Structures are given as structure tokens and as C-alpha cells.
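Next up, run-v2.txt (compact mmCIF, C-alpha atoms):
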# COMPACT_ATOMS: atom_id res chain seq x y z
CA MET A 656 136.20 105.44 99.60
CA LEU A 657 133.23 106.92 101.46
CA LYS A 658 130.80 104.58 103.16
CA PRO A 659 127.76 104.21 100.89
CA PRO A 660 124.51 105.67 102.21
CA VAL A 661 121.59 103.53 103.32
CA ASN A 662 117.98 104.50 102.72
CA LEU A 663 116.50 103.96 106.16
CA ASN A 664 114.43 106.98 107.11
CA LEU A 665 111.63 105.30 109.06
CA PHE A 666 109.29 108.25 108.43
CA THR A 667 109.34 107.49 104.71
CA ILE A 668 108.47 103.81 105.14
CA GLN A 669 104.91 102.56 105.28
CA PHE A 670 104.16 100.18 108.14
CA PRO A 671 101.11 97.91 107.97
CA ILE A 672 98.85 97.58 111.01
CA THR A 673 100.52 94.25 111.83
CA ALA A 674 103.82 96.09 112.26
CA LEU A 675 102.24 98.90 114.28
CA SER A 676 100.73 96.23 116.53
CA SER A 677 104.17 94.74 117.14
CA ILE A 678 105.73 98.17 117.80
CA SER A 679 102.92 98.95 120.29
CA HIS A 680 103.56 95.59 121.98
CA ARG A 681 107.18 96.52 122.47
CA ILE A 682 106.40 100.03 123.73
CA SER A 683 103.84 98.68 126.20
CA GLY A 684 106.46 96.16 127.35
CA VAL A 685 108.95 98.95 128.06
CA ILE A 686 106.28 100.86 130.03
CA LEU A 687 105.56 97.71 132.09
CA PHE A 688 109.27 97.29 132.74
CA PHE A 689 109.60 100.80 134.18
CA LEU A 690 106.28 101.13 136.03
CA THR A 691 105.79 97.66 137.54
CA PHE A 692 108.41 98.11 140.25
CA PRO A 693 107.06 101.47 141.57
CA PHE A 694 103.46 100.24 141.66
CA ILE A 695 104.35 96.89 143.28
CA SER A 696 106.38 98.86 145.85
CA LEU A 697 103.34 100.98 146.58
CA VAL A 698 101.20 97.86 147.05
CA LEU A 699 103.83 96.47 149.46
CA VAL A 700 103.78 99.73 151.44
CA ALA A 701 99.96 99.59 151.54
CA ILE A 702 99.84 96.06 152.98
CA GLN A 703 102.52 96.67 155.65
CA SER A 704 100.40 98.68 158.12
CA GLN A 705 97.42 100.98 158.54
CA GLU A 706 99.76 104.00 158.15
CA GLY A 707 101.24 102.51 155.02
CA PHE A 708 97.78 101.96 153.58
CA ASP A 709 96.77 105.52 154.39
CA TYR A 710 99.95 106.83 152.83
CA ALA A 711 99.41 104.79 149.65
CA SER A 712 95.75 105.91 149.51
CA PHE A 713 96.84 109.52 149.92
CA LEU A 714 99.37 109.17 147.09
CA MET A 715 96.88 107.45 144.83
CA SER A 716 94.30 110.18 145.34
CA HIS A 717 96.58 112.60 143.46
CA PHE A 718 95.72 113.15 139.85
CA ILE A 719 99.27 112.53 138.64
CA MET A 720 99.29 109.11 140.31
CA LYS A 721 95.85 108.31 138.92
CA SER A 722 97.06 109.27 135.45
CA ALA A 723 100.18 107.13 135.90
CA LEU A 724 98.06 104.17 137.00
CA THR A 725 95.73 104.61 134.01
CA PHE A 726 98.77 104.70 131.74
CA TYR A 727 100.17 101.59 133.42
CA VAL A 728 96.87 99.69 133.22
CA ALA A 729 96.55 100.65 129.54
CA ALA A 730 100.01 99.16 128.93
CA ILE A 731 99.08 95.96 130.80
CA VAL A 732 95.83 95.63 128.86
CA TYR A 733 97.51 96.15 125.48
CA HIS A 734 100.44 93.88 126.29
CA PHE A 735 98.09 91.15 127.51
CA PHE A 736 95.82 91.05 124.45
CA SER A 737 98.68 91.57 122.02
CA GLY A 738 100.66 88.83 123.77
CA LEU A 739 97.72 86.44 123.39
CA ARG A 740 97.60 87.33 119.68
CA HIS A 741 101.32 86.58 119.30
CA LEU A 742 100.94 83.27 121.17
CA THR A 743 98.02 82.32 118.93
CA MET A 744 100.17 83.04 115.89
CA ASP A 745 103.02 80.99 117.40
CA PHE A 746 100.61 78.05 117.52
CA GLY A 747 100.03 78.40 113.80
CA TYR A 748 96.76 80.36 113.63
CA TRP A 749 96.06 83.79 112.03
CA GLU A 750 99.13 83.41 109.84
CA THR A 751 97.63 84.90 106.70
CA LEU A 752 97.95 88.64 106.11
CA LYS A 753 94.18 89.11 106.22
CA ALA A 754 93.73 87.21 109.49
CA SER A 755 96.73 88.94 111.00
CA ARG A 756 95.32 92.37 110.06
CA TYR A 757 91.94 91.55 111.57
CA SER A 758 93.49 90.17 114.75
CA ALA A 759 95.67 93.30 115.11
CA MET A 760 92.59 95.49 114.70
CA GLY A 761 90.74 93.31 117.21
CA VAL A 762 93.52 93.79 119.75
CA TYR A 763 93.33 97.59 119.36
CA ILE A 764 89.54 97.54 119.78
CA LEU A 765 89.73 95.29 122.87
CA PHE A 766 92.50 97.47 124.27
CA LEU A 767 90.41 100.64 123.93
CA ALA A 768 87.26 99.05 125.35
CA VAL A 769 88.94 97.44 128.37
CA THR A 770 91.13 100.48 129.09
CA ILE A 771 88.05 102.74 129.11
CA ILE A 772 86.33 100.40 131.61
CA PHE A 773 89.41 100.37 133.87
CA SER A 774 89.73 104.16 133.57
CA PHE A 775 86.21 104.55 134.97
CA LEU A 776 87.19 102.35 137.92
CA ILE A 777 90.39 104.34 138.56
CA TRP A 778 88.82 107.79 138.29
CA MET B 844 91.27 103.67 90.72
CA ASP B 845 91.95 103.84 86.98
CA ALA B 846 90.36 107.26 87.05
CA ILE B 847 93.46 108.61 88.79
CA VAL B 848 95.43 108.19 85.61
CA SER B 849 92.64 109.38 83.39
CA LYS B 850 92.73 112.05 80.73
CA SER B 851 92.35 114.78 83.33
CA ILE B 852 95.86 114.13 84.70
CA SER B 853 98.72 113.86 82.29
CA SER B 854 101.48 115.06 84.54
CA ILE B 855 102.87 113.16 87.52
CA ASN B 856 105.07 114.63 90.24
CA LEU B 857 107.91 112.20 90.69
CA SER B 858 110.22 112.54 93.65
CA ILE B 859 113.21 110.25 93.25
CA TYR B 860 116.16 109.39 95.51
CA ARG B 861 119.40 110.45 93.88
CA TYR B 862 122.92 109.48 94.89
CA ASP B 863 126.06 109.52 92.83
CA PRO B 864 129.18 108.23 94.61
CA ASP B 865 131.44 110.11 92.17
CA SER B 866 129.84 113.48 92.93
CA GLY B 867 130.89 113.46 96.58
CA LYS B 868 127.42 114.82 97.46
CA LYS B 869 125.02 113.37 99.98
CA PRO B 870 121.86 111.64 98.70
CA TYR B 871 118.96 113.99 97.91
CA MET B 872 115.43 113.83 96.53
CA GLN B 873 114.99 115.12 92.98
CA ASP B 874 111.56 116.38 91.94
CA LEU B 875 110.48 115.90 88.35
CA SER B 876 107.26 116.55 86.54
CA ILE B 877 106.61 113.66 84.18
CA ASP B 878 104.09 113.71 81.38
CA ILE B 879 102.47 110.32 80.96
CA PRO B 880 100.39 108.94 78.08
CA GLU B 881 96.79 109.95 78.64
CA GLY B 882 94.17 107.39 79.58
CA GLN B 883 96.63 104.58 80.28
CA ASP B 884 97.50 102.91 83.55
CA ILE B 885 101.24 102.50 83.08
CA MET B 886 103.60 100.76 85.47
CA VAL B 887 106.08 102.51 87.78
CA LEU B 888 108.92 101.14 85.64
CA ASP B 889 107.39 102.80 82.56
CA LEU B 890 107.28 106.07 84.48
CA LEU B 891 110.97 105.65 85.28
CA ASN B 892 111.76 105.00 81.64
CA ILE B 893 109.97 108.24 80.70
CA ALA B 894 111.82 110.06 83.51
CA LYS B 895 115.11 108.72 82.15
CA GLU B 896 114.39 110.44 78.85
CA GLN B 897 114.18 113.72 80.76
CA ASP B 898 117.25 112.99 82.88
CA PRO B 899 119.42 110.20 81.46
CA SER B 900 121.54 110.07 84.63
CA ILE B 901 118.73 108.39 86.63
CA SER B 902 119.87 104.83 87.43
CA PHE B 903 117.83 101.76 88.24
CA ARG B 904 117.97 98.01 87.64
CA ARG B 905 115.48 96.30 85.37
CA SER B 906 115.42 93.24 83.20
CA CYS B 907 112.37 91.16 82.31
CA GLY B 908 109.80 93.89 82.91
CA GLU B 909 107.12 91.44 83.96
CA GLY B 910 107.71 90.47 87.59
CA VAL B 911 109.81 87.38 86.96
CA CYS B 912 113.45 88.41 87.33
CA GLY B 913 113.06 90.51 90.50
CA SER B 914 115.58 93.15 89.40
CA ASP B 915 113.55 96.30 89.92
CA GLY B 916 112.67 96.04 93.59
CA MET B 917 112.27 99.55 95.03
CA ASN B 918 110.45 101.49 97.68
CA ILE B 919 107.35 102.98 96.06
CA ASN B 920 105.56 105.59 98.16
CA GLY B 921 106.89 103.92 101.32
CA LYS B 922 106.13 100.34 100.33
CA ASN B 923 108.54 97.92 98.68
CA GLY B 924 107.49 96.46 95.37
CA LEU B 925 108.54 95.69 91.82
CA GLY B 926 108.38 98.72 89.53
CA CYS B 927 107.43 96.61 86.52
CA ILE B 928 104.23 95.16 87.98
CA THR B 929 103.09 98.03 90.20
CA PRO B 930 100.54 100.12 88.29
CA LEU B 931 100.54 103.87 88.85
CA SER B 932 96.85 103.71 89.80
CA GLU B 933 97.88 101.57 92.79
CA ALA B 934 101.01 103.47 93.71
CA LEU B 935 100.01 107.11 93.33
CA LYS B 936 99.10 109.24 96.29
CA GLY B 937 97.14 112.04 94.74
CA ASN B 938 99.34 113.11 91.90
CA LYS B 939 102.61 112.23 93.56
CA ILE B 940 104.93 109.26 93.64
CA VAL B 941 108.08 108.93 95.75
CA LEU B 942 110.67 106.38 94.69
CA ARG B 943 113.50 105.34 96.99
CA PRO B 944 115.95 102.43 96.94
CA LEU B 945 115.14 99.29 98.94
CA PRO B 946 115.61 100.21 102.62
CA GLY B 947 118.51 98.96 104.74
CA LEU B 948 120.97 98.02 102.00
CA PRO B 949 123.96 100.16 100.94
CA VAL B 950 123.11 102.34 97.95
CA ILE B 951 125.41 102.04 94.93
CA LYS B 952 123.67 104.70 92.81
CA ASP B 953 120.14 106.18 92.84
CA LEU B 954 117.74 103.20 93.10
CA ILE B 955 120.47 100.57 92.78
CA VAL B 956 121.40 98.86 96.04
CA ASP B 957 124.20 96.47 96.90
CA MET B 958 122.47 93.10 97.44
CA LYS B 959 125.56 91.42 98.94
CA GLN B 960 124.20 91.17 102.51
CA PHE B 961 121.00 89.70 101.15
CA VAL B 962 122.77 87.15 98.94
CA ASP B 963 125.25 86.22 101.69
CA GLN B 964 122.34 85.25 103.95
CA TYR B 965 120.80 83.26 101.11
CA LYS B 966 124.06 81.33 100.62
CA LYS B 967 124.09 80.37 104.30
CA ILE B 968 120.95 78.25 104.03
CA LYS B 969 122.53 76.08 101.30
CA PRO B 970 119.82 76.70 98.70
CA TYR B 971 120.20 73.42 96.86
CA LEU B 972 119.04 69.86 97.30
CA ILE B 973 121.26 67.73 99.54
CA ASN B 974 120.74 64.02 99.14
CA ASP B 975 123.35 61.54 100.33
CA GLU B 976 121.36 58.43 99.45
CA GLU B 977 122.21 56.22 96.54
CA LYS B 978 120.97 57.94 93.40
CA PRO B 979 118.26 56.21 91.38
CA GLU B 980 118.76 55.73 87.67
CA LYS B 981 116.38 58.54 86.78
CA GLU B 982 114.75 61.17 89.02
CA ILE B 983 114.12 61.00 92.77
CA LYS B 984 110.38 60.58 92.89
CA GLN B 985 107.92 62.53 95.01
CA SER B 986 104.28 61.86 95.71
CA VAL B 987 101.72 64.51 94.77
CA GLU B 988 101.30 65.31 98.50
CA GLU B 989 105.06 65.69 99.02
CA ARG B 990 105.32 67.98 96.03
CA GLU B 991 102.39 70.09 97.25
CA LYS B 992 104.35 70.95 100.38
CA LEU B 993 106.66 73.09 98.23
CA ASP B 994 103.84 75.27 96.91
CA GLY B 995 104.13 78.84 98.18
CA LEU B 996 107.86 78.33 98.81
CA TYR B 997 109.59 77.68 95.50
CA GLU B 998 108.03 80.64 93.67
CA CYS B 999 110.28 83.23 95.33
CA ILE B 1000 112.16 85.36 92.76
CA MET B 1001 114.69 86.79 95.28
CA CYS B 1002 113.81 90.40 94.57
CA GLY B 1003 114.65 91.35 98.15
CA CYS B 1004 111.43 93.31 98.78
CA CYS B 1005 110.59 91.24 101.87
CA SER B 1006 113.96 91.20 103.63
CA THR B 1007 114.46 94.92 103.07
CA ALA B 1008 111.02 95.63 104.58
CA CYS B 1009 111.94 93.72 107.74
CA PRO B 1010 113.21 95.69 110.79
CA SER B 1011 114.96 92.59 112.17
CA PHE B 1012 116.95 92.40 108.93
CA TRP B 1013 117.69 96.14 109.02
CA TRP B 1014 119.21 95.90 112.48
CA ASN B 1015 120.91 92.49 112.10
CA PRO B 1016 121.61 91.90 108.40
CA ASP B 1017 124.54 89.61 109.21
CA LYS B 1018 122.87 87.50 111.91
CA PHE B 1019 119.16 87.31 111.05
CA LEU B 1020 118.76 85.43 107.79
CA GLY B 1021 115.77 87.46 106.64
CA PRO B 1022 112.42 86.33 105.26
CA ALA B 1023 113.63 85.51 101.73
CA ALA B 1024 116.43 83.19 102.88
CA LEU B 1025 114.19 81.60 105.51
CA LEU B 1026 111.43 80.94 102.99
CA GLN B 1027 114.01 79.08 100.93
CA ALA B 1028 115.36 77.31 104.01
CA HIS B 1029 111.85 76.00 104.66
CA ARG B 1030 111.54 75.04 100.99
CA PHE B 1031 114.47 72.62 101.38
CA ILE B 1032 113.53 71.48 104.90
CA SER B 1033 110.09 70.55 103.53
CA ASP B 1034 111.48 68.74 100.49
CA SER B 1035 110.98 64.99 100.83
CA ARG B 1036 114.07 64.38 98.64
CA ASP B 1037 116.39 66.36 100.89
CA THR B 1038 118.24 64.30 103.51
CA ALA B 1039 119.95 67.16 105.36
CA THR B 1040 116.90 68.32 107.35
CA GLU B 1041 118.58 67.89 110.75
CA GLU B 1042 121.75 69.70 109.67
CA ARG B 1043 119.66 72.52 108.22
CA LEU B 1044 117.72 72.84 111.49
CA ASP B 1045 120.99 72.69 113.52
CA GLN B 1046 122.20 75.71 111.59
CA LEU B 1047 119.07 77.70 112.40
CA GLU B 1048 118.89 76.94 116.11
CA ASP B 1049 120.65 80.07 117.45
CA ALA B 1050 118.88 83.14 118.85
CA PHE B 1051 119.23 85.22 115.69
CA SER B 1052 118.93 83.21 112.47
CA VAL B 1053 115.20 82.51 112.77
CA PHE B 1054 114.09 83.66 116.19
CA LYS B 1055 114.71 87.36 115.48
CA CYS B 1056 111.50 87.22 113.45
CA HIS B 1057 108.69 88.64 115.58
CA GLY B 1058 105.95 87.98 113.06
CA ILE B 1059 105.18 91.58 112.13
CA MET B 1060 104.36 90.48 108.57
CA ASN B 1061 105.96 93.38 106.70
CA CYS B 1062 107.40 90.70 104.42
CA VAL B 1063 103.98 89.25 103.59
CA SER B 1064 102.45 92.66 102.97
CA VAL B 1065 105.10 93.61 100.38
CA CYS B 1066 105.81 90.30 98.60
CA PRO B 1067 105.06 90.91 94.90
CA LYS B 1068 104.46 87.19 94.39
CA GLY B 1069 101.92 86.96 97.22
CA LEU B 1070 104.03 84.53 99.26
CA ASN B 1071 103.97 84.17 103.04
CA PRO B 1072 107.48 84.05 104.56
CA THR B 1073 106.08 84.58 108.08
CA LYS B 1074 104.18 81.29 107.83
CA ALA B 1075 107.32 79.51 106.60
CA ILE B 1076 109.37 80.99 109.44
CA ASN B 1077 106.74 79.88 111.97
CA GLU B 1078 106.92 76.37 110.53
CA ILE B 1079 110.69 76.34 111.04
CA LYS B 1080 110.26 77.64 114.61
CA LYS B 1081 107.72 74.90 115.32
CA LYS B 1082 110.07 72.23 113.98
CA LEU B 1083 112.93 73.59 116.13
CA VAL B 1084 110.75 73.68 119.26
CA LYS B 1085 109.34 70.22 118.60
CA ARG B 1086 112.84 68.85 118.18
CA ALA B 1087 114.02 70.44 121.44
CA LEU B 1088 111.13 68.99 123.51
For this file, produce the structure as C-alpha cells.
Amino acid sequence: MLKPPVNLNLFTIQFPITALSSISHRISGVILFFLTFPFISLVLVAIQSQEGFDYASFLMSHFIMKSALTFYVAAIVYHFFSGLRHLTMDFGYWETLKASRYSAMGVYILFLAVTIIFSFLIW
Amino acid sequence: MDAIVSKSISSINLSIYRYDPDSGKKPYMQDLSIDIPEGQDIMVLDLLNIAKEQDPSISFRRSCGEGVCGSDGMNINGKNGLGCITPLSEALKGNKIVLRPLPGLPVIKDLIVDMKQFVDQYKKIKPYLINDEEKPEKEIKQSVEEREKLDGLYECIMCGCCSTACPSFWWNPDKFLGPAALLQAHRFISDSRDTATEERLDQLEDAFSVFKCHGIMNCVSVCPKGLNPTKAINEIKKKLVKRAL
């Protein structure tokens, strides 16, 4: 007998903002995982010597590196605020659907505001 | 919203998931144009009944027709719900409605899914009162406060809308118990008459059973009875953490 099908086309399923918030948290976590090591390495190079600092400064003056840093900072900012939201929920607050929706929206608003401020500093 | 199903629209475009294991064909979406009674806000189940008159081969479960038995759980325009208590005015997107079976479970035919995985997880939590104390002559009494702790937990009708809206259950249907089973687990953990609290918590202590829940609240947003499994799961997590400290 053939294996029965399963209806699991994610594009046909509606996700509430609380789910989108969790998916974004995971995506930002993956970005942090891949970009933390290169940027920490660059900081280590910069603090080794004057030449290292100049080299790191030169690299960071390139628009691709600035874009990568902006992307990385955006991921940190989102992951930080979303993480705080999850911790708050773990402590038993914002457990209703309404509160959870508002807190998810709040995280997105904070994320945009803080990322814009950091972007000005980077560029 | 009632205006959507007003006299100006008498025809609804229904797109319905079709699968017949005997046909040997893959599942497909069938489009039907359904004429509905004018000026009435009928339920999705009523629409299905009208569609069945057009095409008697359409299959779906239903029983009480009033949101008590939990038989007609389905995915309505992307969101799980009970066909019998979801009005068209709420479900319609424009003039269209898309009906699919509950996500993540094997499809038997059309909108009918095999609930075995769901029921197996429910069995695991031992959904009955365990009391090894000497039985009183009549009932085991509870105070009003003790009884109140069960509110929001016992009302679950096991329709499966929550568990089949949960990604953790989609990916680990054999290891993660799912919101419905966990809501019931908390119902018995919270019951002052139950003496197996520690054993129940022991069973839930692994990395999957409870802790695969990441609080995304899909379950709460689809529950047709307005229950909050996420809150119940968090309560279990807190009890497990407290016990470990």
C-alpha cells in the first residue's frame, strides 16, 4: 500500500505574528552563529598591532563589509529583544494570545528602531 | 462582516483538497462554485454539505455540528478550526475559501486524517485520575479553589486543531507530546485528587516531550474552545525546573 500523503505545504498555512516572531528568532540565531566568528576574528586582528588595526579598518571601510556588519548587528538586536521576550514568557508573563501578539509587535518595532540607529553609526 | 455573505453574493468559490487512496492519483485541489442561501451567514460545515450535494464523493468527518465533538477539525483558509462553528463571514477571503485536511497527519481521504499519532501521544500522558490512597465511601472531595485550578484545562474536546498547527508536533509527532496532550497532562498534574504528580512529571522530563515547545502560540491562536495550551505547557516546564533546582 502507498504511503498516505500529508498536507504540509507551509505556504498554505497561516502563521500568526507570534509564530513569525519565533521563526525570526531562529533565523537571527543562525546568522549570529555564522557571522560571530568572522567578526570576532577581525576584532582580534585589530587589537594585535597597529598594522592589524589598519588592515581591519581598511576592510571595514568597504561597503560589502559595512553591509555585512549592519546585517550582523540587525541579527544581534533582533535576537536580543526577542530573547528577552521569550525569557519573560518563561517566567510566566505575556502568556495570553493578546499579550503575546503585542509583545511580538513590540519586539519588531524595537528591532527596527534600534537597527536604524546602529545603521547610522555604521555608515 | 456579515455583508460578505449578503444578497449580493450567492456563489462561493470553494477549493477543496481531494485524495482518494483507491484512485492511485496524487492529492489535488478541486475547485467548485457553490451557491449558498442568500442573506445567511452559514457555517463552513454547511457549505461542505451543500458541496457534497454537487459532488457526493467529497469526504469529511462530522458529528454533533455544534463544536462539542471535535470531529470536523480542518484547515480553513490556512487556519485550523472546526467547520461547524466557523462562520463563512469569518473564514472567507473575498469570495474564496480553501479547505485542506489538518496539517501534519496522514490523509485517509479528502479532509479525513488518521488521528493515530495524535491519540497515541494522548495515551502516553495517562489521561485518567490516578489515586492510590484509600478510597472514601463517596466522592474524593475538592475545595472550590482546587477545582478552579482545572478551569481552562478540562474543556478540551480533542479536535486536534492545536497539535496539527504546531511545527514541533509536525517534525516530532512521536516524541513531542503536542499541545492537546500536554494540556491534559497539566489537567491531571493540577488535580488535587491525583496522587501520581511526581510520576507524571518524571515522564515529561526528557528533552522532547514538553521542552520541544518554543511558545509560538499557534495552538492558542487556533483553539476553537479558546483554551491556552502554551500557558499549561509553561506551567509544566516551571514545575519541572522547580523540581530540578
Which residues of chain B are close to chain A, meaning at most 8 Å apart when you count only C-alpha atoms, and how do they look as a compact mmCIF listing (two decimals) with C-alpha atoms, in the frame of the given file?
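Result file iface-v6.txt:
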# COMPACT_ATOMS: atom_id res chain seq x y z
CA PRO B 864 129.18 108.23 94.61
CA PRO B 870 121.86 111.64 98.70
CA ASN B 920 105.56 105.59 98.16
CA GLY B 921 106.89 103.92 101.32
CA LYS B 922 106.13 100.34 100.33
CA ARG B 943 113.50 105.34 96.99
CA PRO B 944 115.95 102.43 96.94
CA LEU B 945 115.14 99.29 98.94
CA PRO B 946 115.61 100.21 102.62
CA GLY B 947 118.51 98.96 104.74
CA LEU B 948 120.97 98.02 102.00
CA PRO B 949 123.96 100.16 100.94
CA VAL B 950 123.11 102.34 97.95
CA ILE B 951 125.41 102.04 94.93
CA HIS B 1057 108.69 88.64 115.58
CA GLY B 1058 105.95 87.98 113.06
CA ILE B 1059 105.18 91.58 112.13
CA MET B 1060 104.36 90.48 108.57
CA ASN B 1061 105.96 93.38 106.70
CA VAL B 1063 103.98 89.25 103.59
CA SER B 1064 102.45 92.66 102.97
CA ASN B 1071 103.97 84.17 103.04
CA THR B 1073 106.08 84.58 108.08
CA LYS B 1074 104.18 81.29 107.83
CA ASN B 1077 106.74 79.88 111.97
CA GLU B 1078 106.92 76.37 110.53
CA LYS B 1081 107.72 74.90 115.32
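Counting from atom CA of A:Phe708, the distance to atom CA of A:Trp778 is 18.7 Å.
You can rank A:Ile702, A:Thr743, A:Ile695, A:Ser737 by their closest distance to A:Leu765 using all atoms listed in the file, and at the top of that list sits A:Ser737.
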Separating atom CA of B:Leu891 from atom CA of B:Gly1021, to the nearest tenth of an Å, is a gap of 28.5 Å
For A:Phe736, the closest of A:Ser716, A:Gln705, A:Ser683, A:Ser774 counting only C-alpha atoms is A:Ser683
- Item | Polymer residues at most 12 Å from A:Ile771, all atoms listed in the file, same-chain spacing of 3 or more positions, as a PyMOL selection string | chain A and resi 725-726+728-729+732+764-768+774-778
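Closest to B:Gln1027 among B:Pro970, B:Gly867, B:Gly916, B:Pro1067 is B:Pro970, based on all atoms listed in the file.
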Per residue of stretch 936-988 of chain B within 6 Å of stretch 854-863 of chain B, note the shortest atom pair and the distance in Å to one decimal, counting all atoms listed in the file, and order the rows by chain and increasing residue number, as CSV.
residue,atom,partner,partner_atom,distance
B:Asn938,CA,B:Ile855,CA,5.6
B:Lys939,CA,B:Asn856,CA,4.8
B:Ile940,CA,B:Leu857,CA,5.1
B:Val941,CA,B:Ser858,CA,4.7
B:Leu942,CA,B:Ile859,CA,4.8
B:Arg943,CA,B:Tyr860,CA,5.1
B:Lys952,CA,B:Tyr862,CA,5.3
B:Asp953,CA,B:Arg861,CA,4.5
Judged by all atoms listed in the file, the minimum distance to B:Thr1007 among B:Gly1069, B:Pro1022, B:Gly995, B:Pro899 is found for B:Pro1022
Using 8 Å as the limit and counting all atoms listed in the file, can you tabulate each residue of stretch 920-990 of chain B that touches stretch 1029-1046 of chain B, with its shortest atom-to-atom distance in Å and the two atoms involved, as JSON lines?
{"residue": "B:Ile968", "atom": "CA", "partner": "B:Arg1043", "partner_atom": "CA", "distance": 7.2}
{"residue": "B:Pro970", "atom": "CA", "partner": "B:Phe1031", "partner_atom": "CA", "distance": 7.2}
{"residue": "B:Tyr971", "atom": "CA", "partner": "B:Phe1031", "partner_atom": "CA", "distance": 7.3}
{"residue": "B:Leu972", "atom": "CA", "partner": "B:Asp1037", "partner_atom": "CA", "distance": 5.7}
{"residue": "B:Ile973", "atom": "CA", "partner": "B:Asp1037", "partner_atom": "CA", "distance": 5.2}
{"residue": "B:Asn974", "atom": "CA", "partner": "B:Thr1038", "partner_atom": "CA", "distance": 5.0}
{"residue": "B:Asp975", "atom": "CA", "partner": "B:Thr1038", "partner_atom": "CA", "distance": 6.6}
{"residue": "B:Glu976", "atom": "CA", "partner": "B:Thr1038", "partner_atom": "CA", "distance": 7.8}
{"residue": "B:Ile983", "atom": "CA", "partner": "B:Arg1036", "partner_atom": "CA", "distance": 6.8}
{"residue": "B:Lys984", "atom": "CA", "partner": "B:Arg1036", "partner_atom": "CA", "distance": 7.8}
{"residue": "B:Gln985", "atom": "CA", "partner": "B:Ser1035", "partner_atom": "CA", "distance": 7.0}
{"residue": "B:Glu989", "atom": "CA", "partner": "B:Ser1035", "partner_atom": "CA", "distance": 6.2}
{"residue": "B:Arg990", "atom": "CA", "partner": "B:Asp1034", "partner_atom": "CA", "distance": 7.6}
Write the residues you've just listed into a file as a compact mmCIF listing (two decimals), in the frame of the given file, and include C-alpha atoms for each of them.
# COMPACT_ATOMS: atom_id res chain seq x y z
CA ILE B 968 120.95 78.25 104.03
CA PRO B 970 119.82 76.70 98.70
CA TYR B 971 120.20 73.42 96.86
CA LEU B 972 119.04 69.86 97.30
CA ILE B 973 121.26 67.73 99.54
CA ASN B 974 120.74 64.02 99.14
CA ASP B 975 123.35 61.54 100.33
CA GLU B 976 121.36 58.43 99.45
CA ILE B 983 114.12 61.00 92.77
CA LYS B 984 110.38 60.58 92.89
CA GLN B 985 107.92 62.53 95.01
CA GLU B 989 105.06 65.69 99.02
CA ARG B 990 105.32 67.98 96.03
Separating atom CA of B:Met886 from atom CA of B:Asp874, to the nearest tenth of an Å, is a gap of 18.7 Å
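Using only C-alpha atoms, the shortest contact distance between B:Lys969 and any of B:Ser914, B:Val987, B:Thr929, B:Leu1020 is found at B:Leu1020.
Nearest residue to A:Ile731 among A:Val769, A:Gly761, A:Ala754, A:Asp709 is A:Val769, counting all atoms listed in the file.
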**Prompt:** Any idea what's packed within 8 Å of B:Ala1075, counting all atoms listed in the file, ignoring anything in its chain fewer than 5 positions away? Could you give it as a list in words?
**Reply:** Leu996, Leu1025, Leu1026 and His1029 of chain B
At a cut-off of 12 Å around the point (103.2, 106.4, 134.9) (file coordinates), what residues fall inside when counting all atoms listed in the file? I'd like the answer as a PDB file with C-alpha atoms, keeping the file's coordinate frame.
ATOM      1  CA  SER A 683     103.840  98.680 126.200  1.00  0.00           C
ATOM      2  CA  VAL A 685     108.950  98.950 128.060  1.00  0.00           C
ATOM      3  CA  ILE A 686     106.280 100.860 130.030  1.00  0.00           C
ATOM      4  CA  LEU A 687     105.560  97.710 132.090  1.00  0.00           C
ATOM      5  CA  PHE A 688     109.270  97.290 132.740  1.00  0.00           C
ATOM      6  CA  PHE A 689     109.600 100.800 134.180  1.00  0.00           C
ATOM      7  CA  LEU A 690     106.280 101.130 136.030  1.00  0.00           C
ATOM      8  CA  THR A 691     105.790  97.660 137.540  1.00  0.00           C
ATOM      9  CA  PHE A 692     108.410  98.110 140.250  1.00  0.00           C
ATOM     10  CA  PRO A 693     107.060 101.470 141.570  1.00  0.00           C
ATOM     11  CA  PHE A 694     103.460 100.240 141.660  1.00  0.00           C
ATOM     12  CA  MET A 715      96.880 107.450 144.830  1.00  0.00           C
ATOM     13  CA  PHE A 718      95.720 113.150 139.850  1.00  0.00           C
ATOM     14  CA  ILE A 719      99.270 112.530 138.640  1.00  0.00           C
ATOM     15  CA  MET A 720      99.290 109.110 140.310  1.00  0.00           C
ATOM     16  CA  LYS A 721      95.850 108.310 138.920  1.00  0.00           C
ATOM     17  CA  SER A 722      97.060 109.270 135.450  1.00  0.00           C
ATOM     18  CA  ALA A 723     100.180 107.130 135.900  1.00  0.00           C
ATOM     19  CA  LEU A 724      98.060 104.170 137.000  1.00  0.00           C
ATOM     20  CA  THR A 725      95.730 104.610 134.010  1.00  0.00           C
ATOM     21  CA  PHE A 726      98.770 104.700 131.740  1.00  0.00           C
ATOM     22  CA  TYR A 727     100.170 101.590 133.420  1.00  0.00           C
ATOM     23  CA  VAL A 728      96.870  99.690 133.220  1.00  0.00           C
ATOM     24  CA  ALA A 729      96.550 100.650 129.540  1.00  0.00           C
ATOM     25  CA  ALA A 730     100.010  99.160 128.930  1.00  0.00           C
ATOM     26  CA  ILE A 731      99.080  95.960 130.800  1.00  0.00           C
TER      27      ILE A 731
END
Contacts of B:Val911 within 10 Å, only C-alpha atoms, excl. fewer than 5 positions in-chain, as a PDB file with C-alpha atoms, keeping the file's coordinate frame:
ATOM      1  CA  SER B 906     115.420  93.240  83.200  1.00  0.00           C
ATOM      2  CA  LEU B 925     108.540  95.690  91.820  1.00  0.00           C
ATOM      3  CA  CYS B 927     107.430  96.610  86.520  1.00  0.00           C
ATOM      4  CA  ILE B 928     104.230  95.160  87.980  1.00  0.00           C
ATOM      5  CA  GLU B 998     108.030  80.640  93.670  1.00  0.00           C
ATOM      6  CA  CYS B 999     110.280  83.230  95.330  1.00  0.00           C
ATOM      7  CA  ILE B1000     112.160  85.360  92.760  1.00  0.00           C
ATOM      8  CA  MET B1001     114.690  86.790  95.280  1.00  0.00           C
ATOM      9  CA  CYS B1002     113.810  90.400  94.570  1.00  0.00           C
ATOM     10  CA  PRO B1067     105.060  90.910  94.900  1.00  0.00           C
ATOM     11  CA  LYS B1068     104.460  87.190  94.390  1.00  0.00           C
TER      12      LYS B1068
END
- [ ] Would you list the residues near (97.5, 92.8, 121.5) (no more than 6 Å away, in the coordinates of the file, using only C-alpha atoms) as a PyMOL selection string?
- [x] chain A and resi 733-734+736-738+740+762
